[in-house]
Amino acid sequence: MQTLTVVVPAFNEGTGLREFHTRLMAVFDTLDMNCSVLYVDDGSRDDTWTVMESLRAVDARVATLKLSRNFGKELALTAGLDTADADAVVVIDADLQDPPELIAQFVAAWREGFDVIYGTRSTRAGESALKKFTSAAFYRVMERLSHTPLPRDTGDFRLLDRRALDALKQVRERQRFMKGLFAWVGFRQKSIVYKRDPRFAGSSKFNYWRLWNFAIEGITSFSTVPLRLATYAGLLTAFAAFVFGVFVFIKAVFYGDVVRGYPTLLLVILFLGGVQLMALGLIGEYLGRLYMEAKRRPLYLIDEVHRASAEKRQ
Ligand code: UDP
Ligand code: MG
């Protein structure tokens with residue numbers, strides 16, 4: 001029988017995990033596949049790991065993995081995908097914002113021959129207008145900057161088949177913008193539209209500062225256009241400076257040179273200083289990432305891993 005593993009990264013999701021599990025198992029019962037779920041505890045500080053282990057104790061379809069500390073969602077996901085070993089793998093959030101019931105549709109599309117099936121959000125209940133706006137803006141900026149087409153309004157909720165999973169496992173970069181990487185692998189992709197529900201329990205782990213950093217991560221890992229923008233900004237200011245220089249020269253020749261123009265001088269110095277610092281900062285962003293990448297540290301460390309007992313029997 002074909003196998004399916006559902007990878008669930010969780011960070012402080014203890015309150016909602018049982019409900020999630022119940023709904024997921026209801027879906028498993030409708031699928032004629034050998035299903036298992038892999039819960040990844042991303043260094044939670046609440047009872048998430050205890051809940052995971054108690055689920056594993058009573059259900060043979062549960063596997064658990066505990067990271068040595070909080071590594072962030074992208075790396076928790078990577079750890080899960082590295083460990084998962086099935087014909088098809090589904091990635092889903094633990095907070096029930098992505099309805100597990102959709103997995104049945106993913107599997108149907110997979111059987112039709114698609115390699116990657118992703119959920120596209122039509123609505124996002126329970127999220128603020130500002131979050132929706134910034135998220136929409138981000139996708140549109142990414143679309144312009146990157147050559148990898150990133151599907152709009154798409155989270156990590158998706159199904160990958162063996163080919164896509166193996167391709168993804170080869171990507172070992174530290175700067176992991178998973179959504180981008182999922183799109184980058186290509187193959188036959190299909191979108192399924194769904195309504196995103198509000199969180200079942202707990203609160204979002206992503207505040208605006210984290211989201212902002214996430215956006216920078218996404219842009220810098222998939223595009224070098226910002227670096228080129230710095231070049232253009234430099235060219236533009238140099239050109240403007242030249243035109244202004246000619247203007248000042250001609251004015252001095254024809255009207256003489258009275259010592260004036262202190263405000264202009266100050267303005268130009270401040271402006272150029274600002275542009276230079278900005279360009280330097282931009283280069284720094286890329287350089288810093290290059291530095292982190294060059295260290296080649298392991299992406300994550302595993303504390304404990306337990307396979308599903310249903311898998312062991314085979
Ligand atoms: N998550 C994680 N590690 C983190 C932050 C989040 O594994 O450091 C998990 C979290 O438990 C959830 C998923 O990633 O299952 C999405 O997080 P969240 O719901 O907070 O993000 P949002 O839906 O608000 O974008
Ligand atoms: Mg969420």
# chains A, B, ... in the order shown; residues from 1 in each chain; ligands from 1
call {"tool": "residues_around", "arguments": {"residues": "Ser203 (chain A)", "least_positions_apart": "6", "cutoff": "12 Å", "atoms": "only C-alpha atoms", "output": "VMD selection string"}}
result
chain A and resid 11 to 16 94 to 97 126 to 127
call {"tool": "write_last_selection", "arguments": {"atoms": "N, CA and C atoms", "output": "mmCIF file, in the first residue's frame"}}
result
data_model
loop_
_atom_site.group_PDB
_atom_site.id
_atom_site.type_symbol
_atom_site.label_atom_id
_atom_site.label_comp_id
_atom_site.auth_asym_id
_atom_site.auth_seq_id
_atom_site.Cartn_x
_atom_site.Cartn_y
_atom_site.Cartn_z
ATOM 1 N N PHE A 11 5.461 24.522 17.856
ATOM 2 C CA PHE A 11 6.205 25.267 18.868
ATOM 3 C C PHE A 11 5.180 25.834 19.846
ATOM 4 N N ASN A 12 5.198 25.336 21.065
ATOM 5 C CA ASN A 12 4.230 25.744 22.089
ATOM 6 C C ASN A 12 2.787 25.591 21.615
ATOM 7 N N GLU A 13 2.447 24.410 21.154
ATOM 8 C CA GLU A 13 1.087 24.160 20.666
ATOM 9 C C GLU A 13 0.361 23.158 21.561
ATOM 10 N N GLY A 14 0.838 22.989 22.778
ATOM 11 C CA GLY A 14 0.277 21.984 23.686
ATOM 12 C C GLY A 14 -1.234 22.035 23.836
ATOM 13 N N THR A 15 -1.800 23.237 23.867
ATOM 14 C CA THR A 15 -3.243 23.348 24.119
ATOM 15 C C THR A 15 -4.101 22.837 22.968
ATOM 16 N N GLY A 16 -3.619 22.954 21.760
ATOM 17 C CA GLY A 16 -4.479 22.596 20.632
ATOM 18 C C GLY A 16 -4.149 21.276 19.966
ATOM 19 N N ALA A 94 0.195 23.113 13.023
ATOM 20 C CA ALA A 94 -0.461 22.399 14.116
ATOM 21 C C ALA A 94 -1.650 23.168 14.685
ATOM 22 N N ASP A 95 -1.871 24.397 14.221
ATOM 23 C CA ASP A 95 -2.858 25.238 14.902
ATOM 24 C C ASP A 95 -4.255 25.163 14.274
ATOM 25 N N LEU A 96 -4.449 24.217 13.349
ATOM 26 C CA LEU A 96 -5.741 24.011 12.683
ATOM 27 C C LEU A 96 -6.167 25.180 11.813
ATOM 28 N N GLN A 97 -5.222 26.040 11.446
ATOM 29 C CA GLN A 97 -5.564 27.091 10.482
ATOM 30 C C GLN A 97 -5.708 26.483 9.095
ATOM 31 N N GLY A 126 -9.829 35.477 11.053
ATOM 32 C CA GLY A 126 -9.129 35.645 12.319
ATOM 33 C C GLY A 126 -7.774 36.310 12.186
ATOM 34 N N GLU A 127 -7.472 36.905 11.024
ATOM 35 C CA GLU A 127 -6.203 37.614 10.913
ATOM 36 C C GLU A 127 -6.480 39.083 10.612
#
call {"tool": "closest_atom_pairs", "arguments": {"of": "chain A", "to": "ligand 1", "cutoff": "9 Å", "atoms": "only C-alpha atoms and all ligand atoms", "output": "JSON lines"}}
result
{"residue": "A:Val8", "atom": "CA", "partner": "ligand 1", "partner_atom_place_in_ligand_line": "15 (O)", "distance": 6.5}
{"residue": "A:Pro9", "atom": "CA", "partner": "ligand 1", "partner_atom_place_in_ligand_line": "7 (O)", "distance": 4.2}
{"residue": "A:Ala10", "atom": "CA", "partner": "ligand 1", "partner_atom_place_in_ligand_line": "11 (O)", "distance": 3.3}
{"residue": "A:Phe11", "atom": "CA", "partner": "ligand 1", "partner_atom_place_in_ligand_line": "11 (O)", "distance": 3.9}
{"residue": "A:Asn12", "atom": "CA", "partner": "ligand 1", "partner_atom_place_in_ligand_line": "11 (O)", "distance": 6.2}
{"residue": "A:Glu13", "atom": "CA", "partner": "ligand 1", "partner_atom_place_in_ligand_line": "11 (O)", "distance": 5.6}
{"residue": "A:Val40", "atom": "CA", "partner": "ligand 1", "partner_atom_place_in_ligand_line": "7 (O)", "distance": 7.3}
{"residue": "A:Asp41", "atom": "CA", "partner": "ligand 1", "partner_atom_place_in_ligand_line": "7 (O)", "distance": 6.9}
{"residue": "A:Asp42", "atom": "CA", "partner": "ligand 1", "partner_atom_place_in_ligand_line": "7 (O)", "distance": 5.1}
{"residue": "A:Gly43", "atom": "CA", "partner": "ligand 1", "partner_atom_place_in_ligand_line": "3 (N)", "distance": 7.9}
{"residue": "A:Ser44", "atom": "CA", "partner": "ligand 1", "partner_atom_place_in_ligand_line": "3 (N)", "distance": 8.2}
{"residue": "A:Asn70", "atom": "CA", "partner": "ligand 1", "partner_atom_place_in_ligand_line": "8 (O)", "distance": 5.9}
{"residue": "A:Phe71", "atom": "CA", "partner": "ligand 1", "partner_atom_place_in_ligand_line": "8 (O)", "distance": 6.2}
{"residue": "A:Gly72", "atom": "CA", "partner": "ligand 1", "partner_atom_place_in_ligand_line": "8 (O)", "distance": 3.4}
{"residue": "A:Lys73", "atom": "CA", "partner": "ligand 1", "partner_atom_place_in_ligand_line": "3 (N)", "distance": 3.7}
{"residue": "A:Glu74", "atom": "CA", "partner": "ligand 1", "partner_atom_place_in_ligand_line": "3 (N)", "distance": 7.4}
{"residue": "A:Leu75", "atom": "CA", "partner": "ligand 1", "partner_atom_place_in_ligand_line": "3 (N)", "distance": 8.1}
{"residue": "A:Ala76", "atom": "CA", "partner": "ligand 1", "partner_atom_place_in_ligand_line": "7 (O)", "distance": 5.6}
{"residue": "A:Leu77", "atom": "CA", "partner": "ligand 1", "partner_atom_place_in_ligand_line": "7 (O)", "distance": 7.1}
{"residue": "A:Ile92", "atom": "CA", "partner": "ligand 1", "partner_atom_place_in_ligand_line": "15 (O)", "distance": 7.2}
{"residue": "A:Asp93", "atom": "CA", "partner": "ligand 1", "partner_atom_place_in_ligand_line": "15 (O)", "distance": 3.7}
{"residue": "A:Ala94", "atom": "CA", "partner": "ligand 1", "partner_atom_place_in_ligand_line": "15 (O)", "distance": 3.8}
{"residue": "A:Asp95", "atom": "CA", "partner": "ligand 1", "partner_atom_place_in_ligand_line": "15 (O)", "distance": 5.4}
{"residue": "A:Leu96", "atom": "CA", "partner": "ligand 1", "partner_atom_place_in_ligand_line": "15 (O)", "distance": 8.3}
{"residue": "A:Gln97", "atom": "CA", "partner": "ligand 1", "partner_atom_place_in_ligand_line": "23 (O)", "distance": 6.8}
{"residue": "A:Asp98", "atom": "CA", "partner": "ligand 1", "partner_atom_place_in_ligand_line": "23 (O)", "distance": 8.7}
{"residue": "A:Glu127", "atom": "CA", "partner": "ligand 1", "partner_atom_place_in_ligand_line": "24 (O)", "distance": 8.3}
{"residue": "A:Gly155", "atom": "CA", "partner": "ligand 1", "partner_atom_place_in_ligand_line": "25 (O)", "distance": 8.2}
{"residue": "A:Asp156", "atom": "CA", "partner": "ligand 1", "partner_atom_place_in_ligand_line": "16 (C)", "distance": 8.7}
{"residue": "A:Pro198", "atom": "CA", "partner": "ligand 1", "partner_atom_place_in_ligand_line": "23 (O)", "distance": 8.8}
{"residue": "A:Arg199", "atom": "CA", "partner": "ligand 1", "partner_atom_place_in_ligand_line": "19 (O)", "distance": 7.1}
{"residue": "A:Gly202", "atom": "CA", "partner": "ligand 1", "partner_atom_place_in_ligand_line": "20 (O)", "distance": 8.6}
{"residue": "A:Ser203", "atom": "CA", "partner": "ligand 1", "partner_atom_place_in_ligand_line": "20 (O)", "distance": 6.4}
{"residue": "A:Ser204", "atom": "CA", "partner": "ligand 1", "partner_atom_place_in_ligand_line": "20 (O)", "distance": 3.4}
{"residue": "A:Lys205", "atom": "CA", "partner": "ligand 1", "partner_atom_place_in_ligand_line": "20 (O)", "distance": 3.5}
{"residue": "A:Phe206", "atom": "CA", "partner": "ligand 1", "partner_atom_place_in_ligand_line": "20 (O)", "distance": 5.3}
{"residue": "A:Asn207", "atom": "CA", "partner": "ligand 1", "partner_atom_place_in_ligand_line": "24 (O)", "distance": 8.0}
{"residue": "A:Leu211", "atom": "CA", "partner": "ligand 1", "partner_atom_place_in_ligand_line": "25 (O)", "distance": 8.4}
call {"tool": "atom_distance", "arguments": {"atom1": "CA of Thr3 (chain A)", "atom2": "CA of Ser36 (chain A)"}}
result
8.0 Å
call {"tool": "residues_around", "arguments": {"residues": "Arg163 (chain A)", "least_positions_apart": "5", "cutoff": "9 Å", "atoms": "only C-alpha atoms", "output": "number ranges by chain"}}
result
A: 87, 115, 168, 187
call {"tool": "residues_around", "arguments": {"residues": "region 274-286 of chain A", "least_positions_apart": "6", "cutoff": "7 Å", "atoms": "only C-alpha atoms", "output": "list in words"}}
result
Thr220, Leu227 and Ala230 of chain A
call {"tool": "atom_distance", "arguments": {"atom1": "CA of His21 (chain A)", "atom2": "CA of Thr64 (chain A)"}}
result
12.8 Å
call {"tool": "select_by_dssp", "arguments": {"residues": "region 70-111 of chain A", "states": "strand (DSSP E or B)", "output": "number ranges by chain"}}
result
A: 88-91
call {"tool": "residues_around", "arguments": {"residues": "region 232-241 of chain A", "least_positions_apart": "3", "cutoff": "10 Å", "atoms": "only C-alpha atoms", "output": "ChimeraX atom specification"}}
result
/A:226-229,244-247,268,271-272,275-276,279
call {"tool": "residues_around", "arguments": {"residues": "region 26-35 of chain A", "least_positions_apart": "5", "cutoff": "10 Å", "atoms": "only C-alpha atoms", "output": "PDB file with N, CA, C and O atoms, in the first residue's frame"}}
result
ATOM      1  N   MET A   1       0.838  -1.203   0.000  1.00  0.00           N
ATOM      2  CA  MET A   1       0.000   0.000   0.000  1.00  0.00           C
ATOM      3  C   MET A   1       0.879   1.261   0.000  1.00  0.00           C
ATOM      4  O   MET A   1       1.950   1.264   0.572  1.00  0.00           O
ATOM      5  N   GLN A   2       0.384   2.320  -0.634  1.00  0.00           N
ATOM      6  CA  GLN A   2       1.150   3.574  -0.651  1.00  0.00           C
ATOM      7  C   GLN A   2       1.207   4.182   0.754  1.00  0.00           C
ATOM      8  O   GLN A   2       0.270   4.045   1.524  1.00  0.00           O
ATOM      9  N   THR A   3       2.322   4.860   1.007  1.00  0.00           N
ATOM     10  CA  THR A   3       2.451   5.442   2.345  1.00  0.00           C
ATOM     11  C   THR A   3       2.348   6.964   2.291  1.00  0.00           C
ATOM     12  O   THR A   3       2.724   7.600   1.311  1.00  0.00           O
ATOM     13  N   LEU A   4       1.804   7.519   3.367  1.00  0.00           N
ATOM     14  CA  LEU A   4       1.655   8.967   3.492  1.00  0.00           C
ATOM     15  C   LEU A   4       2.138   9.384   4.869  1.00  0.00           C
ATOM     16  O   LEU A   4       1.762   8.775   5.871  1.00  0.00           O
ATOM     17  N   THR A   5       2.995  10.388   4.927  1.00  0.00           N
ATOM     18  CA  THR A   5       3.406  10.921   6.225  1.00  0.00           C
ATOM     19  C   THR A   5       3.043  12.392   6.294  1.00  0.00           C
ATOM     20  O   THR A   5       3.303  13.149   5.362  1.00  0.00           O
ATOM     21  N   VAL A   6       2.395  12.772   7.381  1.00  0.00           N
ATOM     22  CA  VAL A   6       2.036  14.169   7.586  1.00  0.00           C
ATOM     23  C   VAL A   6       3.021  14.773   8.580  1.00  0.00           C
ATOM     24  O   VAL A   6       3.163  14.273   9.691  1.00  0.00           O
ATOM     25  N   HIS A  21      -4.937  16.410  16.474  1.00  0.00           N
ATOM     26  CA  HIS A  21      -4.718  14.985  16.246  1.00  0.00           C
ATOM     27  C   HIS A  21      -6.040  14.275  15.939  1.00  0.00           C
ATOM     28  O   HIS A  21      -6.117  13.468  15.010  1.00  0.00           O
ATOM     29  N   ARG A  61       0.210   5.143  14.754  1.00  0.00           N
ATOM     30  CA  ARG A  61       0.497   5.923  13.546  1.00  0.00           C
ATOM     31  C   ARG A  61       1.273   7.204  13.847  1.00  0.00           C
ATOM     32  O   ARG A  61       1.503   8.015  12.964  1.00  0.00           O
ATOM     33  N   VAL A  62       1.654   7.386  15.114  1.00  0.00           N
ATOM     34  CA  VAL A  62       2.324   8.633  15.501  1.00  0.00           C
ATOM     35  C   VAL A  62       3.833   8.439  15.638  1.00  0.00           C
ATOM     36  O   VAL A  62       4.283   7.523  16.331  1.00  0.00           O
ATOM     37  N   ALA A  86       8.237   8.544   2.945  1.00  0.00           N
ATOM     38  CA  ALA A  86       6.981   7.974   2.466  1.00  0.00           C
ATOM     39  C   ALA A  86       6.808   8.306   0.993  1.00  0.00           C
ATOM     40  O   ALA A  86       7.558   9.098   0.432  1.00  0.00           O
ATOM     41  N   ASP A  87       5.802   7.718   0.366  1.00  0.00           N
ATOM     42  CA  ASP A  87       5.544   7.996  -1.049  1.00  0.00           C
ATOM     43  C   ASP A  87       5.055   9.424  -1.226  1.00  0.00           C
ATOM     44  O   ASP A  87       5.308  10.064  -2.237  1.00  0.00           O
ATOM     45  N   ALA A  88       4.308   9.894  -0.229  1.00  0.00           N
ATOM     46  CA  ALA A  88       3.832  11.279  -0.272  1.00  0.00           C
ATOM     47  C   ALA A  88       3.935  11.872   1.122  1.00  0.00           C
ATOM     48  O   ALA A  88       3.722  11.185   2.116  1.00  0.00           O
ATOM     49  N   VAL A  89       4.297  13.144   1.178  1.00  0.00           N
ATOM     50  CA  VAL A  89       4.453  13.826   2.458  1.00  0.00           C
ATOM     51  C   VAL A  89       3.600  15.084   2.453  1.00  0.00           C
ATOM     52  O   VAL A  89       3.596  15.828   1.476  1.00  0.00           O
ATOM     53  N   PRO A 100      -7.193  19.935   8.094  1.00  0.00           N
ATOM     54  CA  PRO A 100      -6.635  18.634   7.705  1.00  0.00           C
ATOM     55  C   PRO A 100      -7.515  17.916   6.683  1.00  0.00           C
ATOM     56  O   PRO A 100      -7.018  17.102   5.900  1.00  0.00           O
ATOM     57  N   GLU A 101      -8.816  18.240   6.671  1.00  0.00           N
ATOM     58  CA  GLU A 101      -9.750  17.568   5.749  1.00  0.00           C
ATOM     59  C   GLU A 101      -9.329  17.757   4.286  1.00  0.00           C
ATOM     60  O   GLU A 101      -9.663  16.951   3.424  1.00  0.00           O
ATOM     61  N   LEU A 102      -8.597  18.827   4.010  1.00  0.00           N
ATOM     62  CA  LEU A 102      -8.174  19.113   2.636  1.00  0.00           C
ATOM     63  C   LEU A 102      -7.171  18.082   2.113  1.00  0.00           C
ATOM     64  O   LEU A 102      -6.975  17.933   0.912  1.00  0.00           O
ATOM     65  N   ILE A 103      -6.543  17.362   3.049  1.00  0.00           N
ATOM     66  CA  ILE A 103      -5.525  16.383   2.662  1.00  0.00           C
ATOM     67  C   ILE A 103      -6.116  15.347   1.699  1.00  0.00           C
ATOM     68  O   ILE A 103      -5.441  14.900   0.769  1.00  0.00           O
ATOM     69  N   ALA A 104      -7.389  15.008   1.897  1.00  0.00           N
ATOM     70  CA  ALA A 104      -8.047  14.038   1.011  1.00  0.00           C
ATOM     71  C   ALA A 104      -8.012  14.538  -0.439  1.00  0.00           C
ATOM     72  O   ALA A 104      -7.740  13.777  -1.371  1.00  0.00           O
ATOM     73  N   VAL A 107      -4.479  14.295  -1.822  1.00  0.00           N
ATOM     74  CA  VAL A 107      -4.151  12.919  -2.208  1.00  0.00           C
ATOM     75  C   VAL A 107      -4.801  12.576  -3.548  1.00  0.00           C
ATOM     76  O   VAL A 107      -4.174  11.960  -4.422  1.00  0.00           O
ATOM     77  N   ALA A 108      -6.055  13.042  -3.736  1.00  0.00           N
ATOM     78  CA  ALA A 108      -6.746  12.773  -5.006  1.00  0.00           C
ATOM     79  C   ALA A 108      -5.962  13.389  -6.166  1.00  0.00           C
ATOM     80  O   ALA A 108      -5.748  12.742  -7.202  1.00  0.00           O
ATOM     81  N   ALA A 310       3.616   1.635  13.943  1.00  0.00           N
ATOM     82  CA  ALA A 310       2.975   1.008  12.788  1.00  0.00           C
ATOM     83  C   ALA A 310       3.989   0.775  11.669  1.00  0.00           C
ATOM     84  O   ALA A 310       3.923  -0.196  10.946  1.00  0.00           O
ATOM     85  N   GLU A 311       4.968   1.677  11.560  1.00  0.00           N
ATOM     86  CA  GLU A 311       5.992   1.554  10.519  1.00  0.00           C
ATOM     87  C   GLU A 311       6.967   0.425  10.846  1.00  0.00           C
ATOM     88  O   GLU A 311       7.420  -0.286   9.975  1.00  0.00           O
TER      89      GLU A 311
END
call {"tool": "atom_distance", "arguments": {"atom1": "CA of Ser191 (chain A)", "atom2": "CA of Leu65 (chain A)"}}
result
29.1 Å
call {"tool": "select_by_dssp", "arguments": {"residues": "region 53-149 of chain A", "states": "alpha helix (DSSP H)", "output": "JSON, numbers by chain"}}
result
{"A": [53, 54, 55, 56, 57, 58, 73, 74, 75, 76, 77, 78, 79, 80, 81, 82, 83, 103, 104, 105, 106, 107, 108, 109, 110, 111, 129, 130, 131, 132, 133, 134, 135, 136, 137, 138, 139, 140, 141, 142, 143, 144, 145]}
call {"tool": "decode", "arguments": {"residues": "region 257-267 of chain A", "atoms": "all heavy atoms", "output": "short mmCIF file (atom, residue, chain, number, x, y, z; two decimals), in the first residue's frame"}}
result
data_model
loop_
_atom_site.label_atom_id
_atom_site.label_comp_id
_atom_site.auth_asym_id
_atom_site.auth_seq_id
_atom_site.Cartn_x
_atom_site.Cartn_y
_atom_site.Cartn_z
N ASP A 257 30.94 84.19 -7.79
CA ASP A 257 30.75 83.20 -6.75
C ASP A 257 30.67 83.86 -5.38
O ASP A 257 31.66 84.17 -4.76
CB ASP A 257 31.92 82.21 -6.81
CG ASP A 257 31.69 81.06 -5.86
OD1 ASP A 257 30.52 80.83 -5.47
OD2 ASP A 257 32.68 80.37 -5.52
N VAL A 258 29.46 84.09 -4.94
CA VAL A 258 29.27 84.60 -3.59
C VAL A 258 29.15 83.38 -2.69
O VAL A 258 28.59 82.39 -3.08
CB VAL A 258 27.94 85.40 -3.49
CG1 VAL A 258 28.03 86.44 -2.38
CG2 VAL A 258 27.61 86.04 -4.83
N VAL A 259 29.71 83.46 -1.49
CA VAL A 259 29.62 82.27 -0.64
C VAL A 259 28.20 82.12 -0.11
O VAL A 259 27.78 82.81 0.80
CB VAL A 259 30.61 82.34 0.54
CG1 VAL A 259 30.50 81.10 1.40
CG2 VAL A 259 32.01 82.51 0.01
N ARG A 260 27.49 81.24 -0.78
CA ARG A 260 26.14 80.92 -0.34
C ARG A 260 25.97 79.43 -0.50
O ARG A 260 26.91 78.71 -0.79
CB ARG A 260 25.14 81.68 -1.20
CG ARG A 260 24.79 83.03 -0.61
CD ARG A 260 23.50 83.58 -1.19
NE ARG A 260 23.13 82.89 -2.44
CZ ARG A 260 22.59 83.51 -3.48
NH1 ARG A 260 22.39 84.80 -3.45
NH2 ARG A 260 22.25 82.85 -4.54
N GLY A 261 24.79 78.95 -0.36
CA GLY A 261 24.55 77.55 -0.68
C GLY A 261 24.89 76.59 0.44
O GLY A 261 25.08 75.40 0.21
N TYR A 262 24.97 77.11 1.65
CA TYR A 262 25.21 76.20 2.78
C TYR A 262 24.11 75.13 2.90
O TYR A 262 24.43 73.94 3.05
CB TYR A 262 25.36 77.00 4.07
CG TYR A 262 25.39 76.14 5.30
CD1 TYR A 262 26.52 75.37 5.60
CD2 TYR A 262 24.30 76.09 6.16
CE1 TYR A 262 26.54 74.57 6.71
CE2 TYR A 262 24.33 75.28 7.27
CZ TYR A 262 25.45 74.52 7.55
OH TYR A 262 25.47 73.74 8.64
N PRO A 263 22.84 75.51 2.79
CA PRO A 263 21.78 74.48 2.88
C PRO A 263 21.93 73.41 1.79
O PRO A 263 21.81 72.22 2.08
CB PRO A 263 20.49 75.26 2.68
CG PRO A 263 20.83 76.68 2.98
CD PRO A 263 22.27 76.85 2.61
N THR A 264 22.23 73.84 0.57
CA THR A 264 22.37 72.88 -0.53
C THR A 264 23.49 71.90 -0.22
O THR A 264 23.34 70.68 -0.40
CB THR A 264 22.76 73.60 -1.84
OG1 THR A 264 22.33 74.94 -1.76
CG2 THR A 264 22.18 72.91 -3.04
N LEU A 265 24.60 72.45 0.28
CA LEU A 265 25.77 71.63 0.59
C LEU A 265 25.42 70.56 1.62
O LEU A 265 25.69 69.37 1.45
CB LEU A 265 26.86 72.54 1.15
CG LEU A 265 28.28 72.01 1.05
CD1 LEU A 265 28.65 71.86 -0.40
CD2 LEU A 265 29.23 72.96 1.76
N LEU A 266 24.76 71.03 2.68
CA LEU A 266 24.38 70.13 3.77
C LEU A 266 23.45 69.04 3.24
O LEU A 266 23.62 67.85 3.53
CB LEU A 266 23.69 70.93 4.86
CG LEU A 266 23.70 70.25 6.22
CD1 LEU A 266 25.11 70.20 6.76
CD2 LEU A 266 22.78 70.99 7.17
N LEU A 267 22.50 69.48 2.43
CA LEU A 267 21.52 68.54 1.89
C LEU A 267 22.18 67.45 1.08
O LEU A 267 21.93 66.26 1.25
CB LEU A 267 20.55 69.32 1.00
CG LEU A 267 19.24 68.64 0.74
CD1 LEU A 267 18.20 69.21 1.69
CD2 LEU A 267 18.80 68.84 -0.70
#
